[in-house]
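Chemist: One structure coming up, written as structure tokens, with questions to follow.
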Amino acid sequence: MARQQAGQRGQRAGRRTAPARGTGPARAADAAWRRWGPYLGERQWGTVREDYSASGDAWSSFPHDHARSRAYRWGEDGLGGICDDKQRLCLAVTLWNGRDPVLKERAFGLTNAEGNHGEDVKEYYFYLDSTPSHSYMRYLYKYPQAAYPYAELVAVNGARGRNEFEYELLDTGVFDGDRYFDVTVEYAKAAPDDVLMRITVDNRGPEEETLRVLPTLWFRNTWSWGGEPTDRPRLTAVDGGPGESVVRAEHPALGTYELHCAGEVPLLFTENETNTERISGTPNASPYVKDGIGRYVVDGETGAVNPARTGTKAAADHTLTVPPGGTASVRLRLATVSAPADLGDGFDEVLRERRAEADAFYREVTPSGLSEDEALVLRQALSGMLWTKQYYWFDLETWLSEHGVDAWSPAAARVRNHEWFHMTCDDVVSMPDKWEYPWFAAWDLAFHTVALAMVDAGFAKQQLELLLTDAYLHPNGQVPAYEWNFTDVNPPVHAWAAYFVYQLERRLTGRADRDFLERVFQKLLTNFTWWVNRKDPDGRNVFQGGFLGLDNIGVFDRSAPLPTGGRIEQADGTAWMALYCQTMLQIALELVEDNRAYEPLIVKFAEHFLWISASMDRAAGQDDEFWDEQDGFFYDVLRLPDGRAVRLKVRSMVGLLPLCAATVFRPPQLARVARLGERVTRFVGRHPSLAATWASARSGARGGPRLLAVVDDKRLERVLGLLLSEEEFLSPYGVRALSRYHAEHPYTFVVHGEELRVGYLPAESDSGMFGGNSNWRGPVWMPMNVLLVRALLNLYAFHGDDFTVECPTGSGNRMTLFEVAKELSARLTRIFLRGEDGRRPVHGGQDKFTDPYWRDLVSFYEYFHGDNGAGIGAAHQTGWTGLVATLMIVFGELGPEDFRDPSSGTGATR
């Protein structure tokens with residue numbers, strides 16, 4: 001296919017052409033091209049890794065105010081930066097407008113305690129372009145010319161309540177009159193170890209302005225925590241060619257590089273060491289510390305930088321005076337000492353070539369029927385995901401010992417994540433967001449791979465395998481959830497994502513990577529067993545999953561002990577396990593083609609599914625089961641210590657998830673296992689109570705596909721009636737996490753005289769649960785919508801055109817399930833597209849985003865307002881929200897005929 005060929009062109013052409021796309025296991029040449037990339041964090045301060053406090057409050061123990069002066073232990077951060085894949089040497093942009101109290105070295109934002117809606121970055125930056133190999137990347141930062149209002153942002157947000165809007169940087173007025181700089185950073189690789197950097201500054205304001213641009217090169221501090229002095233790397237000024245300044249970087253493992261700067265610019269050197277005098281009041285061992293360059297530039301302290309022009313942190317100090325509406329630029333080139341250092345015509349040629357290759361790559365990725373604006377959104381969505389990679393280093397046993405705790409002692413229990421002392425993370429990881437979530441999250445990562453596989457199946461597969469390696473997976477089989485609490489529970493979507501990526505790569509390349517699938521399957525067997533043993537303690541196939549990623553969706557904090565005692569049987573936890581069984585069954589059916597030893601596992605997962613499906617409605621019509629016949633919906637069940645049970649009648653995503661456990665199996669798949677249907681029929685015969693469940697594994701036309709689904713046709717229609725009602729779940733911008741029914745009819749539960757309440761909240765949470773920075777009580781969440789779209793396509797693959805429903809409910813307009821899926825996709829995509837009024841719903845009421853210099857910039861937020869589509873939560877989260885690109889490609893390239901099996905006239909997924 002053309003896209004596959006595009007990924008291989010660079011490897012045939014050699015040095016002057018970069019590989020655009022990875023489709024299989026990383027070849028040596030491809031891996032070399034990926035050695036340098038956007039693996040630098042946007043925020044390292046305020047993370048668990050850097051928290052050595054007694055209280056465990058990571059935010060307050062290492063605030064933004066310390067970041068410029070305190071050396072990090074476990075990683076680095078910067079502005080629009082890059083580093084090598086072990087983050088030994090970092091390169092990023094530093095700016096000073098002559099008015100700020102500190103250098104702009106990293107993005108600023110509020111901590112949980114400072115923000116009225118949890119942590120929040122208060123900057124405007126955009127990831128505009130990237131190829132999978134990072135041969136070309138482009139980043140835009142909007143820098144005010146007035147003093148950055150740090151104190152104002154903290155004070156105003158701190159004074160606002162949860163029911164008030166956040167106070168954003170645009171609200172402060174610093175962009176009024178267009179008094180700001182557009183700072184565009186481009187990276188282009190002439191070769192794997194030869195990276196060009198161009199920084200372009202556009203003065204959007206009405207007056208001439210001066211900007212100090214200080215591209216900064218530094219080593220991650222690896223020597224202050226037990227490293228040998230002889231291992232200390234070194235930056236040194238060396239003589240360059242005429243009209244250039246050069247910093248040599250020597251590292252014992254990375255080798256020797258040089259940063260060539262166009263022009264004879266001052267080079268400033270200091271050490272990447274903590275300013276202990278400022279942080280703790282103790283004398284510094286050397287006058288040259290981490291904030292030395294900032295003190296020199298901002299405060300005029302000439303003694304803060306090393307006159308010998310050597311250190312572990314260096315900056316090239318460019319002073320640009322830019323006329324109103326004018327442009328200035330800076331050129332640099334980071335390369336091994338053997339590479340040429342052309343900063344003239346050859347520099348321009350490489351930039352042009354790499355940009356042209358990126359354009360060609362995205363033309364081939366983008367379906368031909370998309371509009372220009374849709375293509376722009378798709379490119380930024382995927383580019384943002386490619387930018388949001390980060391080197392992640394975290395050795396838990398070392399971290400625990402540095403807290404003064406022996407990982408094997410009982411005292412370890414007082415420190416978070418003490419059960420995970422086996423973890424040694426030393427990898428490039430796809431992050432949810434490099435500022436607000438600069439650490440992996442298990443289920444986020446699975447969704448990331450579904451989008452990343454559209455452009456880089458090799459990286460997607462590597463990421464899926466990563467959390468299943470011995471360095472991450474707990475010996476008991478649990479997948480670590482996320483940095484703040486590895487022990488928490490995320491939905492088990494890894495199997496589904498792995499099978500999706502496997503199928504997609506086969507469709508794109510014609511190659512079925514069964515070795516990958518088998519490796520993943522073997523590890524997932526351990527994880528599946530953990531779920532069954534730990535989350536189904538009574539052996540009833542009803543799962544109490546705990547948190548499951550849905551933060552505050554219910555009445556109670558599902559990660560904490562219940563105030564009532566007892567436990568919650570979770571409709572979503574049980575549905576997740578049904579989907580897990582189905583996917584493991586699909587994978588086993590794929591693997592059995594080469595290895596008959598998988599036959600017993602196929603029967604095993606078929607039986608598991610039957611039991612789980614039966615548990616979703618063990619006793620129809622009773623008040624203590626998931627299905628409520630009167631409402632036509634699934635609810636969680638609270639089982640109290642005295643034996644009583646109560647349905648928690650909250651109409652939420654919890655009750656929609658059973659729809660997602662719907663998978664179609666084609667006759668050729670089932671034929672791989674002799675007498676599978678006969679075996680399952682015999683099993684049902686031994687357990688008559690499962691007869692109704694087996695009816696859900698029904699056949700269409702004779703010899704046609706079979707459907708495994710938790711929800712039968714009657715219940716499917718009833719649940720879809722609520723899902724597709726605009727008075728309930730269906731928003732103009734997708735499916736809400738909570739029904740609008742609860743706006744007028746909030747659900748209440750009284751315990752110990754206290755009334756707990758769940759009401760519809762289309763935007764931010766008014767609850768402090770989970771830090772108050774997440775909300776599943778009304779907004780639209782992209783990953784759950786994608787799972788619903790997937791379920792509708794599978795159900796269409798089985799039912800075909802004969803099964804129709806009203807969409808929207810009550811409209812009289814009937815649609816096939818394919819048409820419903822396409823309609824949901826269109827509503828989700830609409831969040832990001834410019835409407836007739838020139839506005840993109842994602843930007844809410846911010847008028848600035850209709851400006852010519854802002855209107856083509858798209859932010860991929862964490863979630864979206866349930867009524868107007870405005871972005872909420874993590875402002876630059878391009879992780880699972882990047883799934884919008886998957887939807888655009890799927891519905892841009894595939895039609896209903898792609899989901900039907902021509903041999904039977906009914907549907908079958910391919």
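The chains in the structure tokens are called A, B, ... from first to last as shown; in each chain the residues are counted from 1, and the ligands are counted from 1 in the order shown.
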Please report, as a list in words, each residue of segment 419-599 of chain A to which DSSP assigns strand (DSSP E or B) when run on this structure's backbone.

Modeler: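 So, restricting segment 419-599 of chain A to strand (DSSP E or B), we get Thr424, Cys425, Asp426, Asp427, Val428, Val429, Ser430, Asp433, Tyr437, Ala441, Asp456, Tyr482, Arg567, Ile568 and Glu569 of chain A.
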
Chemist: Give me the segment 399-482 of chain A side of the contact with segment 851-861 of chain A, cut-off 12 Å, one line per residue showing its nearest atom pair and distance in Å at one decimal, counting only C-alpha atoms, sorted by chain and residue number, as a Markdown table.

Modeler:
```
| residue | atom | partner | partner_atom | distance |
| --- | --- | --- | --- | --- |
| A:Pro432 | CA | A:Tyr861 | CA | 10.4 |
| A:Asp433 | CA | A:Tyr861 | CA | 9.6 |
| A:Glu436 | CA | A:Tyr861 | CA | 11.0 |
```

Chemist: What are the DSSP helix (DSSP H, G or I) residues of segment 181-312 of chain A, as a PyMOL selection string?

Modeler: chain A and resi 229-231+276-280+292-299+302-304

Chemist: Write the residues of the selection above to a file with C-alpha atoms, as a PDB file, in the first residue's frame.

Modeler:
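Output below, filename part-v9.pdb:
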```pdb
ATOM      1  CA  PRO A 229      32.705  11.840  39.403  1.00  0.00           C
ATOM      2  CA  THR A 230      34.494  10.475  36.338  1.00  0.00           C
ATOM      3  CA  ASP A 231      31.096   9.845  34.741  1.00  0.00           C
ATOM      4  CA  THR A 276      20.726  24.995  47.805  1.00  0.00           C
ATOM      5  CA  GLU A 277      21.133  28.531  49.092  1.00  0.00           C
ATOM      6  CA  ARG A 278      17.799  29.556  47.593  1.00  0.00           C
ATOM      7  CA  ILE A 279      15.936  26.271  48.229  1.00  0.00           C
ATOM      8  CA  SER A 280      17.129  25.315  51.713  1.00  0.00           C
ATOM      9  CA  GLY A 292      22.513  30.784  37.036  1.00  0.00           C
ATOM     10  CA  ILE A 293      21.605  31.681  33.438  1.00  0.00           C
ATOM     11  CA  GLY A 294      18.286  33.132  34.583  1.00  0.00           C
ATOM     12  CA  ARG A 295      19.951  35.239  37.271  1.00  0.00           C
ATOM     13  CA  TYR A 296      22.470  36.487  34.711  1.00  0.00           C
ATOM     14  CA  VAL A 297      19.854  37.449  32.104  1.00  0.00           C
ATOM     15  CA  VAL A 298      17.001  38.678  34.307  1.00  0.00           C
ATOM     16  CA  ASP A 299      18.825  40.013  37.372  1.00  0.00           C
ATOM     17  CA  THR A 302      27.383  38.511  36.018  1.00  0.00           C
ATOM     18  CA  GLY A 303      28.960  36.107  38.510  1.00  0.00           C
ATOM     19  CA  ALA A 304      26.126  33.572  38.113  1.00  0.00           C
TER      20      ALA A 304
END
```

Chemist: Choose the residue, out of A:Gly677, A:Gly75, A:Gly80, A:Pro492, that has the smallest atom-to-atom separation from Lys104 of chain A; count only C-alpha atoms.

Modeler: A:Gly80

Chemist: Quick one: contact table of segment 513-568 of chain A to segment 588-596 of chain A, 12 Å max, nearest atom pair and distance in Å to one decimal per residue, counting only C-alpha atoms, chain and number order, as JSON lines?

Modeler:
```
{"residue": "A:Asp513", "atom": "CA", "partner": "A:Leu591", "partner_atom": "CA", "distance": 10.5}
{"residue": "A:Arg514", "atom": "CA", "partner": "A:Leu591", "partner_atom": "CA", "distance": 7.0}
{"residue": "A:Asp515", "atom": "CA", "partner": "A:Leu591", "partner_atom": "CA", "distance": 9.2}
{"residue": "A:Phe516", "atom": "CA", "partner": "A:Leu591", "partner_atom": "CA", "distance": 10.7}
{"residue": "A:Leu517", "atom": "CA", "partner": "A:Leu591", "partner_atom": "CA", "distance": 7.9}
{"residue": "A:Glu518", "atom": "CA", "partner": "A:Leu591", "partner_atom": "CA", "distance": 7.0}
{"residue": "A:Arg519", "atom": "CA", "partner": "A:Leu591", "partner_atom": "CA", "distance": 10.8}
{"residue": "A:Val520", "atom": "CA", "partner": "A:Ala588", "partner_atom": "CA", "distance": 11.2}
{"residue": "A:Phe521", "atom": "CA", "partner": "A:Ala588", "partner_atom": "CA", "distance": 8.0}
{"residue": "A:Gln522", "atom": "CA", "partner": "A:Ala588", "partner_atom": "CA", "distance": 10.2}
{"residue": "A:Leu524", "atom": "CA", "partner": "A:Ala588", "partner_atom": "CA", "distance": 11.6}
{"residue": "A:Leu525", "atom": "CA", "partner": "A:Ala588", "partner_atom": "CA", "distance": 10.9}
```

Chemist: For the selection just defined, write its residues with N, CA and C atoms to a file, as a compact mmCIF listing (two decimals), in the first residue's frame.

Modeler:
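And here is the file that came out, result.txt:
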```txt
# COMPACT_ATOMS: atom_id res chain seq x y z
N ASP A 513 1.19 -10.10 12.21
CA ASP A 513 2.28 -10.29 13.16
C ASP A 513 1.79 -11.16 14.32
N ARG A 514 1.72 -12.46 14.07
CA ARG A 514 1.23 -13.37 15.10
C ARG A 514 2.21 -13.51 16.26
N ASP A 515 3.50 -13.29 16.00
CA ASP A 515 4.46 -13.34 17.11
C ASP A 515 4.12 -12.30 18.17
N PHE A 516 3.82 -11.07 17.71
CA PHE A 516 3.39 -10.01 18.63
C PHE A 516 2.12 -10.44 19.37
N LEU A 517 1.14 -10.93 18.63
CA LEU A 517 -0.13 -11.29 19.23
C LEU A 517 0.05 -12.39 20.28
N GLU A 518 0.91 -13.34 19.99
CA GLU A 518 1.12 -14.44 20.93
C GLU A 518 1.83 -13.96 22.19
N ARG A 519 2.81 -13.08 22.03
CA ARG A 519 3.51 -12.56 23.21
C ARG A 519 2.54 -11.82 24.12
N VAL A 520 1.70 -10.99 23.53
CA VAL A 520 0.73 -10.24 24.31
C VAL A 520 -0.26 -11.18 24.99
N PHE A 521 -0.75 -12.15 24.25
CA PHE A 521 -1.74 -13.08 24.78
C PHE A 521 -1.21 -13.83 26.01
N GLN A 522 0.04 -14.29 25.94
CA GLN A 522 0.60 -15.05 27.05
C GLN A 522 0.68 -14.20 28.32
N LEU A 524 -1.25 -11.54 28.91
CA LEU A 524 -2.62 -11.20 29.31
C LEU A 524 -3.30 -12.36 30.04
N LEU A 525 -2.88 -13.58 29.79
CA LEU A 525 -3.42 -14.70 30.54
C LEU A 525 -3.18 -14.51 32.04
```

Chemist: Mind checking which residues fall within 10 Å of Val555 of chain A, counting only C-alpha atoms, ignoring those fewer than 3 positions away in the same chain, and posting them as a list in words?

Modeler: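 Contacts, in chain order: Asn552, Arg558, Leu648, Lys649, Val650, Tyr747, Thr748, Phe749, Leu756, Arg757, Val758 and Gly759 of chain A.
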
Chemist: Would you put the residues from that selection into a file with N, CA and C atoms, as an mmCIF file, in the first residue's frame?

Modeler:
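After the write, result_25.cif holds the following:
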```cif
data_model
loop_
_atom_site.group_PDB
_atom_site.id
_atom_site.type_symbol
_atom_site.label_atom_id
_atom_site.label_comp_id
_atom_site.auth_asym_id
_atom_site.auth_seq_id
_atom_site.Cartn_x
_atom_site.Cartn_y
_atom_site.Cartn_z
ATOM 1 N N ASN A 552 -15.406 10.120 39.238
ATOM 2 C CA ASN A 552 -16.526 10.413 40.138
ATOM 3 C C ASN A 552 -17.873 10.114 39.504
ATOM 4 N N ARG A 558 -15.215 4.814 44.359
ATOM 5 C CA ARG A 558 -15.154 3.363 44.228
ATOM 6 C C ARG A 558 -13.760 2.809 44.526
ATOM 7 N N LEU A 648 -28.197 1.200 42.510
ATOM 8 C CA LEU A 648 -27.813 2.613 42.489
ATOM 9 C C LEU A 648 -28.232 3.162 41.137
ATOM 10 N N LYS A 649 -29.429 3.757 41.108
ATOM 11 C CA LYS A 649 -30.085 4.054 39.834
ATOM 12 C C LYS A 649 -29.603 5.387 39.245
ATOM 13 N N VAL A 650 -28.335 5.367 38.864
ATOM 14 C CA VAL A 650 -27.721 6.497 38.173
ATOM 15 C C VAL A 650 -27.601 6.127 36.703
ATOM 16 N N TYR A 747 -29.979 11.899 41.407
ATOM 17 C CA TYR A 747 -30.079 10.691 42.231
ATOM 18 C C TYR A 747 -29.488 10.997 43.608
ATOM 19 N N THR A 748 -30.205 10.622 44.666
ATOM 20 C CA THR A 748 -29.727 10.865 46.019
ATOM 21 C C THR A 748 -29.685 9.564 46.805
ATOM 22 N N PHE A 749 -28.744 9.521 47.727
ATOM 23 C CA PHE A 749 -28.573 8.347 48.585
ATOM 24 C C PHE A 749 -28.186 8.867 49.963
ATOM 25 N N LEU A 756 -25.996 12.002 49.812
ATOM 26 C CA LEU A 756 -25.056 11.998 48.689
ATOM 27 C C LEU A 756 -25.860 12.155 47.407
ATOM 28 N N ARG A 757 -25.337 12.947 46.486
ATOM 29 C CA ARG A 757 -26.137 13.359 45.333
ATOM 30 C C ARG A 757 -25.332 13.240 44.050
ATOM 31 N N VAL A 758 -25.974 12.746 42.999
ATOM 32 C CA VAL A 758 -25.388 12.733 41.665
ATOM 33 C C VAL A 758 -26.338 13.480 40.738
ATOM 34 N N GLY A 759 -25.880 14.613 40.243
ATOM 35 C CA GLY A 759 -26.667 15.401 39.303
ATOM 36 C C GLY A 759 -25.895 15.612 38.018
#
```

Chemist: So, with only C-alpha atoms as the atoms that count, which of A:Ile82, A:Leu833, A:Leu690, A:Cys660 lies closest to Glu607 of chain A?

Modeler: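 Closest to Glu607 of chain A of all the choices is A:Leu690.
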
Chemist: One decimal, in Å: what's the spacing between atom CA of Asp538 of chain A and atom CA of Leu716 of chain A?

Modeler: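 Between these atoms lies a distance of 28.7 Å.
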
Chemist: With only C-alpha atoms as the counted atoms, please give the residues lying no more than 10 Å from segment 463-470 of chain A, apart from itself and same-chain residues fewer than 4 positions off, as number ranges by chain.

Modeler: A: 422-425, 427-430, 440-442, 445-450, 452, 457-459, 474-475, 477-481, 494-495, 497-498, 501, 516-517, 519-524, 526-527

Chemist: One decimal, Å: what's the distance from atom CA of Tyr124 of chain A over to atom CA of Tyr139 of chain A, could you say?

Modeler: 11.0 Å

Chemist: What is the distance between atom CA of Pro242 of chain A and atom CA of Thr270 of chain A, in Å to one decimal?

Modeler: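 Atom CA of Thr270 of chain A lies 25.2 Å from atom CA of Pro242 of chain A.
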
Chemist: Considering only C-alpha atoms, return as a ChimeraX atom specification whatever protein or nucleic-acid residues lie within 12 Å of Thr310 of chain A, sequence-local ones (same chain, fewer than 2 positions apart) excluded.

Modeler: /A:217-218,233-238,246-250,267-272,288,305-308,312-315

Chemist: Could you pull the residues within 12 Å of Thr131 of chain A, counting only C-alpha atoms, minus those fewer than 6 positions along the same chain, as a count of residues only?

Modeler: 37

Chemist: Find the spatial neighbours of Arg567 of chain A, counting only C-alpha atoms, within a cut-off of 7 Å - ignore same-chain residues fewer than 5 positions away - and output them as a PyMOL selection string.

Modeler: chain A and resi 562+638-640

Chemist: Given the choices A:Arg834, A:Lys434, A:His799, A:Lys848, which gets closest to Asp120 of chain A if the distance is worked out from only C-alpha atoms?

Modeler: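 Checking each candidate against Asp120 of chain A, we get A:Lys434 as the closest.
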
Chemist: Of the residues A:Trp435, A:Gly240, A:Phe683, A:Glu273, which is the one nearest to Leu79 of chain A, using only C-alpha atoms?

Modeler: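 The answer is A:Trp435, which sits nearest to Leu79 of chain A.
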